[in-house]
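Peer 1: Submitted below is the structure of interest, expressed as structure tokens.
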Amino acid sequence: MKEISCKLLVIGAGPGGYICAIRAGQLGVDTVIVEAGKPGGTCLNVGCIPSKALIHAAEEFEKVSHMAGGKSPLGISVSAPVLDLSKTVAWKDGIVSRLNSGVAGLLKKAGVKTVHGWATFRDGKTVEVETETGSQVIRAEAIVIATGSAPVELPFLPFGGPVISSTDALALSEVPKRLAVVGGGYIGLELGMAFARMGARVTVVEALPRVLAQYDAELTRPVSKRLAALGVEVMLGAKAKGLSKKGDALLVESSDGKTGDGKTGDGKSVEVAADKVLVTVGRKPVTEGWGLEQIDLDMSGKFIRIDDQCRTSMRGVFAIGDVTGEPMLAHRAMAQGEMVAEIVAGHKRSWDKRSIPAVCFTDPELVTSGLSPEEAKAQGEVKIGLFPFAANGRAMTKQGEDGFVRVVARADNHLVLGIQAVGQGVSELSAAFGLALEMGARLEDIAGTIHAHPTQGEGFQEAALKALGHALHI
């Protein structure tokens, strides 16, 4: 059995793990990273990147479809478009492959040794890795657990056949004619809306009173409006119960006996015809199969408990990313990974998640950073400024008037506590929002920053001006 020793061992080469390893290598730390699959983890291979590729393809197809149907106000007309989803998926796979190679190259450039295989803990300093060529023991002074998360599987809707996960949805060779989406969170709506734009008849089944329940109703209203425009049927207060006997429909129990289009059911069970059933009810940390019972870490529910430096309850063992809890965001994992690498290298670092932006790539997109209006009000008196894109020239030229930017600040000293936006392409404003919070901006700082015209970013400045009582364009 081969044995190697290193200063830092990273288990998992997802966004958090590979960033941790690269930064450690840059700092001269002898680093080994273990990964059973391809580098990049869920985000690069079956999550963030491929889903955005599919969403972009859906957006382009819908645009051309409107032009072919004579619905474009731009005066453009084309022949009826045809979508070959297998070619779209091949294009998406090409992007993923290039990024896989890029990550592998960056690890090599940083001097990181990559071991392909599945790691199992022997103790807090030692793991055994099953590789294609046999077992390898790795001993390390410090270990980082970056094993990520996986889709939650419902016992009455196990993955297989017509029941698919988000991973399966990104590999379909053709657009399903009828798609039922179980779960109205960001993953379900991102993919559900994409398939609706590609021509699928989509039904969303959500147990809560509204979709995207993690956001406030004002922020999600444009998304709900767009769902209706796309013909997506939304069943609220409804619970999926399983497949029909023939496997061609989803059984749904509706609390009020109504479907999303207002039709009355029997109050007990309705059938939603579906060729595919996409289950998106959340993600769970991957904590099994790694031998974590051998090191007995303290847990916080189903997640590994960490402090503000990502240290676990065992000395020399760190944990980062989805395995440590919410928010399950790739950029959170990356920031944690970079920080841990610097700590291992002897630098002083700590972790603060307050300014992390979160983006929901629905149509239109959502961005949040910091506190929501309700969370801010719970801490004291606030000032809120909202600027609609209906008054923004750039949004008009992009046919993206539906949406707004909102800024929440303390009433006494105008310190910005939270920033939110909904609208076409607002994901690109997330950097400005995060930077404002990180730098401790006040309303006057944002209002006094000259924003380029014409851009949607002007809405950020105008929202701050609105909170100060003198917006210029509304």
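Residue numbering restarts at 1 in every chain; chains get A, B, ... in the order shown in the structure tokens, and ligands count up from 1 in that same order.
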To test your reading of the structure, identify every residue in stretch 304-343 of chain A that backbone DSSP assigns to strand (DSSP E), and report it as a PyMOL selection string.

Peer 2: chain A and resi 304+317-319

Peer 1: With N, CA and C atoms retained, write the just-selected residues as a short mmCIF file (atom, residue, chain, number, x, y, z; two decimals), in the first residue's frame.

Peer 2:
data_model
loop_
_atom_site.label_atom_id
_atom_site.label_comp_id
_atom_site.auth_asym_id
_atom_site.auth_seq_id
_atom_site.Cartn_x
_atom_site.Cartn_y
_atom_site.Cartn_z
N ILE A 304 -21.76 19.66 9.12
CA ILE A 304 -20.59 19.69 10.00
C ILE A 304 -20.51 21.08 10.64
N VAL A 317 -8.60 19.79 11.57
CA VAL A 317 -9.59 19.38 10.56
C VAL A 317 -10.53 20.55 10.29
N PHE A 318 -10.58 20.99 9.05
CA PHE A 318 -11.45 22.08 8.62
C PHE A 318 -12.57 21.52 7.73
N ALA A 319 -13.64 22.28 7.58
CA ALA A 319 -14.71 21.91 6.65
C ALA A 319 -15.20 23.18 5.96
#

Peer 1: So which residues touch stretch 32-43 of chain A within 6 Å, counting only C-alpha atoms, skipping near sequence neighbours fewer than 3 positions away, as a list in words?

Peer 2: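 Selected residues are Leu9, Val10, Ile11, Gly12, Ala13, Gly14, Pro15, Val46, Gly47, Cys48, Asn100, Val112, Lys113, Thr114, Val115, His116, Gly117 and Trp118 of chain A.
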
Peer 1: Restricted to N, CA and C atoms, what would the selected residues look like written as a PDB file, in the first residue's frame?

Peer 2:
ATOM      1  N   LEU A   9      -4.186  18.318   3.191  1.00  0.00           N
ATOM      2  CA  LEU A   9      -4.958  17.396   2.361  1.00  0.00           C
ATOM      3  C   LEU A   9      -6.358  17.962   2.193  1.00  0.00           C
ATOM      4  N   VAL A  10      -6.788  18.103   0.949  1.00  0.00           N
ATOM      5  CA  VAL A  10      -8.136  18.601   0.654  1.00  0.00           C
ATOM      6  C   VAL A  10      -8.947  17.455   0.066  1.00  0.00           C
ATOM      7  N   ILE A  11     -10.094  17.162   0.678  1.00  0.00           N
ATOM      8  CA  ILE A  11     -10.958  16.088   0.196  1.00  0.00           C
ATOM      9  C   ILE A  11     -12.131  16.695  -0.568  1.00  0.00           C
ATOM     10  N   GLY A  12     -12.103  16.573  -1.878  1.00  0.00           N
ATOM     11  CA  GLY A  12     -13.141  17.141  -2.733  1.00  0.00           C
ATOM     12  C   GLY A  12     -12.596  18.286  -3.558  1.00  0.00           C
ATOM     13  N   ALA A  13     -12.751  18.204  -4.890  1.00  0.00           N
ATOM     14  CA  ALA A  13     -12.217  19.237  -5.785  1.00  0.00           C
ATOM     15  C   ALA A  13     -13.328  20.070  -6.401  1.00  0.00           C
ATOM     16  N   GLY A  14     -14.356  20.374  -5.593  1.00  0.00           N
ATOM     17  CA  GLY A  14     -15.381  21.306  -6.034  1.00  0.00           C
ATOM     18  C   GLY A  14     -14.858  22.725  -5.910  1.00  0.00           C
ATOM     19  N   PRO A  15     -15.722  23.741  -6.052  1.00  0.00           N
ATOM     20  CA  PRO A  15     -15.266  25.139  -5.996  1.00  0.00           C
ATOM     21  C   PRO A  15     -14.484  25.473  -4.732  1.00  0.00           C
ATOM     22  N   VAL A  46     -22.392  19.622 -12.986  1.00  0.00           N
ATOM     23  CA  VAL A  46     -23.831  19.331 -13.094  1.00  0.00           C
ATOM     24  C   VAL A  46     -24.688  20.376 -12.381  1.00  0.00           C
ATOM     25  N   GLY A  47     -24.162  21.586 -12.228  1.00  0.00           N
ATOM     26  CA  GLY A  47     -24.910  22.597 -11.488  1.00  0.00           C
ATOM     27  C   GLY A  47     -24.841  23.961 -12.137  1.00  0.00           C
ATOM     28  N   CYS A  48     -24.149  24.886 -11.467  1.00  0.00           N
ATOM     29  CA  CYS A  48     -24.133  26.298 -11.868  1.00  0.00           C
ATOM     30  C   CYS A  48     -23.845  26.513 -13.349  1.00  0.00           C
ATOM     31  N   ASN A 100     -13.144  21.958 -16.859  1.00  0.00           N
ATOM     32  CA  ASN A 100     -12.495  20.841 -16.150  1.00  0.00           C
ATOM     33  C   ASN A 100     -10.990  20.881 -16.373  1.00  0.00           C
ATOM     34  N   VAL A 112       0.060  21.462  -6.835  1.00  0.00           N
ATOM     35  CA  VAL A 112      -0.797  20.578  -6.035  1.00  0.00           C
ATOM     36  C   VAL A 112      -0.801  19.175  -6.650  1.00  0.00           C
ATOM     37  N   LYS A 113      -0.654  18.173  -5.821  1.00  0.00           N
ATOM     38  CA  LYS A 113      -0.739  16.782  -6.285  1.00  0.00           C
ATOM     39  C   LYS A 113      -2.188  16.331  -6.233  1.00  0.00           C
ATOM     40  N   THR A 114      -2.705  15.823  -7.344  1.00  0.00           N
ATOM     41  CA  THR A 114      -4.085  15.341  -7.408  1.00  0.00           C
ATOM     42  C   THR A 114      -4.117  13.820  -7.353  1.00  0.00           C
ATOM     43  N   VAL A 115      -4.938  13.281  -6.460  1.00  0.00           N
ATOM     44  CA  VAL A 115      -5.131  11.842  -6.343  1.00  0.00           C
ATOM     45  C   VAL A 115      -6.579  11.547  -6.709  1.00  0.00           C
ATOM     46  N   HIS A 116      -6.797  10.699  -7.714  1.00  0.00           N
ATOM     47  CA  HIS A 116      -8.148  10.358  -8.160  1.00  0.00           C
ATOM     48  C   HIS A 116      -8.630   9.119  -7.406  1.00  0.00           C
ATOM     49  N   GLY A 117      -9.726   9.281  -6.675  1.00  0.00           N
ATOM     50  CA  GLY A 117     -10.271   8.157  -5.923  1.00  0.00           C
ATOM     51  C   GLY A 117     -11.160   8.633  -4.788  1.00  0.00           C
ATOM     52  N   TRP A 118     -11.640   7.688  -4.015  1.00  0.00           N
ATOM     53  CA  TRP A 118     -12.560   7.961  -2.906  1.00  0.00           C
ATOM     54  C   TRP A 118     -11.800   7.862  -1.586  1.00  0.00           C
TER      55      TRP A 118
END

Peer 1: Could you tell me which of A:His451, A:Ser5, A:Leu227, A:Lys239 comes closest to A:Lys125 if we count only C-alpha atoms?

Peer 2: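 Comparing A:His451, A:Ser5, A:Leu227, A:Lys239 against A:Lys125, the winner is A:Ser5.
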
Peer 1: If you take only C-alpha atoms and a cut-off of 10 Å, which residues of stretch 137-194 of chain A touch stretch 53-60 of chain A, and what are their nearest atom pairs and distances in Å to one decimal, in chain and number order, as JSON lines?

Peer 2:
{"residue": "A:Ala169", "atom": "CA", "partner": "A:Leu54", "partner_atom": "CA", "distance": 9.9}
{"residue": "A:Leu170", "atom": "CA", "partner": "A:Leu54", "partner_atom": "CA", "distance": 7.4}
{"residue": "A:Ala171", "atom": "CA", "partner": "A:Leu54", "partner_atom": "CA", "distance": 9.9}
{"residue": "A:Glu190", "atom": "CA", "partner": "A:Ile55", "partner_atom": "CA", "distance": 7.5}
{"residue": "A:Leu191", "atom": "CA", "partner": "A:Ile55", "partner_atom": "CA", "distance": 7.3}
{"residue": "A:Gly192", "atom": "CA", "partner": "A:Ile55", "partner_atom": "CA", "distance": 9.8}
{"residue": "A:Met193", "atom": "CA", "partner": "A:Ile55", "partner_atom": "CA", "distance": 8.3}
{"residue": "A:Ala194", "atom": "CA", "partner": "A:Ile55", "partner_atom": "CA", "distance": 5.2}

Peer 1: For the residues selected in the previous step, produce a file with N, CA and C atoms as a PDB file, in the first residue's frame.

Peer 2:
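Result file again00.pdb:
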ATOM      1  N   ALA A 169     -31.744  16.333 -15.604  1.00  0.00           N
ATOM      2  CA  ALA A 169     -32.411  17.321 -16.454  1.00  0.00           C
ATOM      3  C   ALA A 169     -31.424  18.006 -17.389  1.00  0.00           C
ATOM      4  N   LEU A 170     -30.185  18.156 -16.922  1.00  0.00           N
ATOM      5  CA  LEU A 170     -29.168  18.837 -17.720  1.00  0.00           C
ATOM      6  C   LEU A 170     -28.556  17.939 -18.787  1.00  0.00           C
ATOM      7  N   ALA A 171     -28.981  16.675 -18.814  1.00  0.00           N
ATOM      8  CA  ALA A 171     -28.433  15.728 -19.787  1.00  0.00           C
ATOM      9  C   ALA A 171     -29.506  15.156 -20.716  1.00  0.00           C
ATOM     10  N   GLU A 190     -35.580  27.773 -11.970  1.00  0.00           N
ATOM     11  CA  GLU A 190     -34.581  28.033 -13.011  1.00  0.00           C
ATOM     12  C   GLU A 190     -34.731  27.040 -14.161  1.00  0.00           C
ATOM     13  N   LEU A 191     -34.764  25.754 -13.821  1.00  0.00           N
ATOM     14  CA  LEU A 191     -34.860  24.726 -14.857  1.00  0.00           C
ATOM     15  C   LEU A 191     -36.261  24.653 -15.452  1.00  0.00           C
ATOM     16  N   GLY A 192     -37.278  24.780 -14.617  1.00  0.00           N
ATOM     17  CA  GLY A 192     -38.652  24.721 -15.109  1.00  0.00           C
ATOM     18  C   GLY A 192     -38.944  25.818 -16.116  1.00  0.00           C
ATOM     19  N   MET A 193     -38.496  27.033 -15.816  1.00  0.00           N
ATOM     20  CA  MET A 193     -38.724  28.145 -16.740  1.00  0.00           C
ATOM     21  C   MET A 193     -37.914  27.975 -18.019  1.00  0.00           C
ATOM     22  N   ALA A 194     -36.716  27.415 -17.898  1.00  0.00           N
ATOM     23  CA  ALA A 194     -35.903  27.174 -19.092  1.00  0.00           C
ATOM     24  C   ALA A 194     -36.606  26.204 -20.035  1.00  0.00           C
TER      25      ALA A 194
END

Peer 1: Which of these, A:Val277, A:Pro73, A:Ser372, A:Leu429, has the shortest distance to A:Thr397 once you count only C-alpha atoms?

Peer 2: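 Going through A:Val277, A:Pro73, A:Ser372, A:Leu429 one by one, the smallest distance to A:Thr397 is for A:Pro73.
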
Peer 1: When you draw a straight line from atom CA of A:Ile295 to atom CA of A:Leu27, how long is it in Å?

Peer 2: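 A separation of 27.9 Å between them.
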
Peer 1: Nearest residue to A:Arg311 out of A:Ser72, A:Asn413, A:Gln336, A:Gln294, using only C-alpha atoms?

Peer 2: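 Result for the nearest residue to A:Arg311: A:Gln336.
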
Peer 1: Set the distance at 7 Å and use only C-alpha atoms: which residues neighbour A:Ala238 once local chain neighbours fewer than 2 positions away are removed? I'd like the list as a VMD selection string.

Peer 2: chain A and resid 205 to 207 235 to 236 240 252 to 255

Peer 1: Can you list, as a tab-separated table (two decimals) with N, CA and C atoms, in the first residue's frame, every residue of stretch 279-473 of chain A that DSSP puts in helix (DSSP H, G or I)?

Peer 2:
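Saved to states07.tsv:
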chain	number	residue	atom	x	y	z
A	292	LEU	N	-16.44	9.45	8.39
A	292	LEU	CA	-16.44	10.54	9.37
A	292	LEU	C	-16.69	10.03	10.79
A	293	GLU	N	-17.30	8.85	10.89
A	293	GLU	CA	-17.53	8.29	12.24
A	293	GLU	C	-16.20	7.96	12.93
A	294	GLN	N	-15.14	7.84	12.17
A	294	GLN	CA	-13.83	7.54	12.75
A	294	GLN	C	-13.22	8.75	13.46
A	321	GLY	N	-17.76	24.85	2.45
A	321	GLY	CA	-18.76	24.62	1.40
A	321	GLY	C	-20.06	24.05	1.90
A	322	ASP	N	-20.78	23.38	0.97
A	322	ASP	CA	-22.14	22.90	1.24
A	322	ASP	C	-22.22	21.95	2.43
A	323	VAL	N	-21.15	21.23	2.71
A	323	VAL	CA	-21.17	20.26	3.80
A	323	VAL	C	-21.29	20.95	5.16
A	324	THR	N	-21.09	22.30	5.16
A	324	THR	CA	-21.16	23.06	6.42
A	324	THR	C	-22.45	23.84	6.57
A	330	ALA	N	-21.55	28.38	-4.37
A	330	ALA	CA	-20.19	28.07	-4.80
A	330	ALA	C	-19.22	29.16	-4.36
A	331	HIS	N	-19.63	30.43	-4.48
A	331	HIS	CA	-18.71	31.51	-4.12
A	331	HIS	C	-18.48	31.59	-2.62
A	332	ARG	N	-19.44	31.14	-1.82
A	332	ARG	CA	-19.19	31.02	-0.38
A	332	ARG	C	-18.10	29.99	-0.12
A	333	ALA	N	-18.23	28.83	-0.79
A	333	ALA	CA	-17.23	27.77	-0.63
A	333	ALA	C	-15.85	28.25	-1.07
A	334	MET	N	-15.80	29.00	-2.17
A	334	MET	CA	-14.53	29.51	-2.68
A	334	MET	C	-13.87	30.44	-1.66
A	335	ALA	N	-14.67	31.35	-1.10
A	335	ALA	CA	-14.14	32.29	-0.12
A	335	ALA	C	-13.63	31.55	1.12
A	336	GLN	N	-14.38	30.55	1.55
A	336	GLN	CA	-13.95	29.75	2.70
A	336	GLN	C	-12.65	29.00	2.39
A	337	GLY	N	-12.58	28.43	1.19
A	337	GLY	CA	-11.41	27.68	0.80
A	337	GLY	C	-10.16	28.54	0.78
A	338	GLU	N	-10.28	29.73	0.22
A	338	GLU	CA	-9.14	30.65	0.18
A	338	GLU	C	-8.70	31.01	1.59
A	339	MET	N	-9.68	31.30	2.45
A	339	MET	CA	-9.35	31.67	3.82
A	339	MET	C	-8.63	30.54	4.56
A	340	VAL	N	-9.14	29.31	4.46
A	340	VAL	CA	-8.53	28.18	5.16
A	340	VAL	C	-7.09	27.95	4.67
A	341	ALA	N	-6.86	28.07	3.38
A	341	ALA	CA	-5.50	27.91	2.85
A	341	ALA	C	-4.55	28.90	3.49
A	342	GLU	N	-5.01	30.13	3.65
A	342	GLU	CA	-4.16	31.15	4.25
A	342	GLU	C	-3.95	30.92	5.74
A	343	ILE	N	-4.97	30.38	6.41
A	343	ILE	CA	-4.81	30.04	7.83
A	343	ILE	C	-3.76	28.94	7.99
A	344	VAL	N	-3.86	27.92	7.15
A	344	VAL	CA	-2.90	26.81	7.21
A	344	VAL	C	-1.48	27.31	6.93
A	373	PRO	N	-35.62	43.54	3.90
A	373	PRO	CA	-36.29	44.60	4.64
A	373	PRO	C	-36.83	44.12	5.99
A	374	GLU	N	-37.41	42.92	6.02
A	374	GLU	CA	-37.98	42.40	7.27
A	374	GLU	C	-36.89	42.14	8.30
A	375	GLU	N	-35.76	41.55	7.86
A	375	GLU	CA	-34.66	41.28	8.77
A	375	GLU	C	-34.07	42.58	9.31
A	376	ALA	N	-33.97	43.59	8.45
A	376	ALA	CA	-33.41	44.87	8.87
A	376	ALA	C	-34.34	45.58	9.86
A	377	LYS	N	-35.64	45.52	9.60
A	377	LYS	CA	-36.62	46.17	10.49
A	377	LYS	C	-36.60	45.56	11.89
A	389	PHE	N	-37.25	49.54	-12.83
A	389	PHE	CA	-36.59	49.54	-14.13
A	389	PHE	C	-37.48	50.13	-15.21
A	390	ALA	N	-38.77	50.31	-14.91
A	390	ALA	CA	-39.67	50.95	-15.87
A	390	ALA	C	-39.25	52.39	-16.12
A	391	ALA	N	-38.42	52.95	-15.22
A	391	ALA	CA	-37.93	54.32	-15.37
A	391	ALA	C	-36.46	54.36	-15.77
A	393	GLY	N	-33.71	53.84	-18.77
A	393	GLY	CA	-33.62	53.82	-20.22
A	393	GLY	C	-32.98	52.56	-20.77
A	394	ARG	N	-31.92	52.07	-20.14
A	394	ARG	CA	-31.24	50.88	-20.63
A	394	ARG	C	-32.14	49.66	-20.53
A	395	ALA	N	-32.89	49.55	-19.44
A	395	ALA	CA	-33.81	48.42	-19.27
A	395	ALA	C	-34.88	48.45	-20.37
A	396	MET	N	-35.33	49.64	-20.72
A	396	MET	CA	-36.34	49.76	-21.78
A	396	MET	C	-35.79	49.26	-23.11
A	397	THR	N	-34.55	49.62	-23.43
A	397	THR	CA	-33.97	49.22	-24.72
A	397	THR	C	-33.71	47.71	-24.78
A	426	VAL	N	-29.86	41.23	-13.93
A	426	VAL	CA	-29.40	41.88	-12.70
A	426	VAL	C	-28.35	41.06	-11.95
A	427	SER	N	-28.11	39.81	-12.39
A	427	SER	CA	-27.06	39.03	-11.74
A	427	SER	C	-25.72	39.76	-11.82
A	428	GLU	N	-25.52	40.56	-12.88
A	428	GLU	CA	-24.26	41.28	-13.05
A	428	GLU	C	-24.13	42.46	-12.08
A	429	LEU	N	-25.20	42.82	-11.38
A	429	LEU	CA	-25.12	43.88	-10.37
A	429	LEU	C	-24.66	43.33	-9.02
A	430	SER	N	-24.58	42.00	-8.90
A	430	SER	CA	-24.25	41.38	-7.62
A	430	SER	C	-22.90	41.82	-7.09
A	431	ALA	N	-21.93	42.07	-7.98
A	431	ALA	CA	-20.60	42.49	-7.54
A	431	ALA	C	-20.67	43.85	-6.86
A	432	ALA	N	-21.43	44.77	-7.45
A	432	ALA	CA	-21.57	46.11	-6.86
A	432	ALA	C	-22.26	46.04	-5.51
A	433	PHE	N	-23.29	45.18	-5.42
A	433	PHE	CA	-24.02	45.05	-4.16
A	433	PHE	C	-23.11	44.50	-3.06
A	434	GLY	N	-22.38	43.43	-3.39
A	434	GLY	CA	-21.49	42.82	-2.41
A	434	GLY	C	-20.39	43.78	-1.98
A	435	LEU	N	-19.84	44.53	-2.93
A	435	LEU	CA	-18.77	45.47	-2.62
A	435	LEU	C	-19.26	46.58	-1.70
A	436	ALA	N	-20.46	47.09	-1.96
A	436	ALA	CA	-21.02	48.16	-1.12
A	436	ALA	C	-21.15	47.71	0.33
A	437	LEU	N	-21.64	46.50	0.53
A	437	LEU	CA	-21.79	45.99	1.89
A	437	LEU	C	-20.44	45.70	2.53
A	438	GLU	N	-19.52	45.11	1.76
A	438	GLU	CA	-18.19	44.79	2.29
A	438	GLU	C	-17.44	46.05	2.72
A	443	LEU	N	-25.79	55.31	2.39
A	443	LEU	CA	-26.61	55.73	1.25
A	443	LEU	C	-25.92	56.84	0.46
A	444	GLU	N	-25.27	57.76	1.18
A	444	GLU	CA	-24.60	58.88	0.52
A	444	GLU	C	-23.44	58.41	-0.37
A	445	ASP	N	-22.78	57.33	0.03
A	445	ASP	CA	-21.67	56.80	-0.77
A	445	ASP	C	-22.16	56.29	-2.13
A	446	ILE	N	-23.27	55.55	-2.09
A	446	ILE	CA	-23.83	55.00	-3.34
A	446	ILE	C	-24.41	56.11	-4.20
A	447	ALA	N	-25.16	57.03	-3.55
A	447	ALA	CA	-25.77	58.14	-4.28
A	447	ALA	C	-24.72	59.05	-4.89
A	458	GLU	N	-27.53	52.21	-12.98
A	458	GLU	CA	-28.03	53.50	-12.51
A	458	GLU	C	-29.18	53.31	-11.51
A	459	GLY	N	-29.88	52.19	-11.64
A	459	GLY	CA	-30.98	51.91	-10.71
A	459	GLY	C	-30.50	51.79	-9.28
A	460	PHE	N	-29.25	51.36	-9.10
A	460	PHE	CA	-28.66	51.23	-7.77
A	460	PHE	C	-28.48	52.62	-7.15
A	461	GLN	N	-27.91	53.52	-7.92
A	461	GLN	CA	-27.74	54.90	-7.45
A	461	GLN	C	-29.09	55.55	-7.17
A	462	GLU	N	-30.03	55.35	-8.08
A	462	GLU	CA	-31.36	55.96	-7.91
A	462	GLU	C	-32.09	55.42	-6.69
A	463	ALA	N	-31.90	54.13	-6.38
A	463	ALA	CA	-32.54	53.55	-5.20
A	463	ALA	C	-32.00	54.20	-3.93
A	464	ALA	N	-30.68	54.47	-3.91
A	464	ALA	CA	-30.09	55.15	-2.75
A	464	ALA	C	-30.61	56.58	-2.65
A	465	LEU	N	-30.71	57.26	-3.80
A	465	LEU	CA	-31.27	58.61	-3.80
A	465	LEU	C	-32.72	58.61	-3.31
A	466	LYS	N	-33.46	57.60	-3.71
A	466	LYS	CA	-34.86	57.48	-3.27
A	466	LYS	C	-34.95	57.34	-1.75
A	467	ALA	N	-34.05	56.51	-1.18
A	467	ALA	CA	-34.04	56.33	0.27
A	467	ALA	C	-33.70	57.63	0.98
A	468	LEU	N	-32.88	58.47	0.32
A	468	LEU	CA	-32.51	59.77	0.90
A	468	LEU	C	-33.58	60.82	0.66

Peer 1: Skip A:Val211 itself and residues of its chain fewer than 5 positions away, then list as a ChimeraX atom specification all residues within 9 Å of it, counting only C-alpha atoms.

Peer 2: /A:183-186,189,204,206,220,224,234,236

Peer 1: For A:Gly380, find every residue with an atom within 10 Å (counting only C-alpha atoms), except residues of its own chain fewer than 6 positions away, and show them as a list in words.

Peer 2: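 So the residues in contact are Arg410, Ala411 and Asp412 of chain A.
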
Peer 1: Looking at only C-alpha atoms, which of A:Pro327, A:Gly148, A:Gly247, A:Pro364 is the one that sits closest to A:Val286?

Peer 2: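 Under the stated criterion, the closest residue is A:Gly148.
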
Peer 1: Can you pull out the residues contacting A:Leu417? Cut-off 6 Å, using only C-alpha atoms, and skip same-chain residues under 3 positions away; I want them as a list in words.

Peer 2: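 My reading of the contact set: Gly370, Leu371, Val408 and Ala409 of chain A.
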
Peer 1: Print the selection's residues with C-alpha atoms to a file, as a short mmCIF file (atom, residue, chain, number, x, y, z; two decimals), in the first residue's frame.

Peer 2:
data_model
loop_
_atom_site.label_atom_id
_atom_site.label_comp_id
_atom_site.auth_asym_id
_atom_site.auth_seq_id
_atom_site.Cartn_x
_atom_site.Cartn_y
_atom_site.Cartn_z
CA GLY A 370 -27.22 41.41 3.14
CA LEU A 371 -30.44 41.77 5.10
CA VAL A 408 -32.25 48.99 2.81
CA ALA A 409 -30.32 51.15 5.29
#

Peer 1: A:Asp308, A:Glu128, A:Lys398, A:Phe61: which is nearest A:Lys348, counting only C-alpha atoms?

Peer 2: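 Among the listed residues, A:Asp308 lies closest to A:Lys348.
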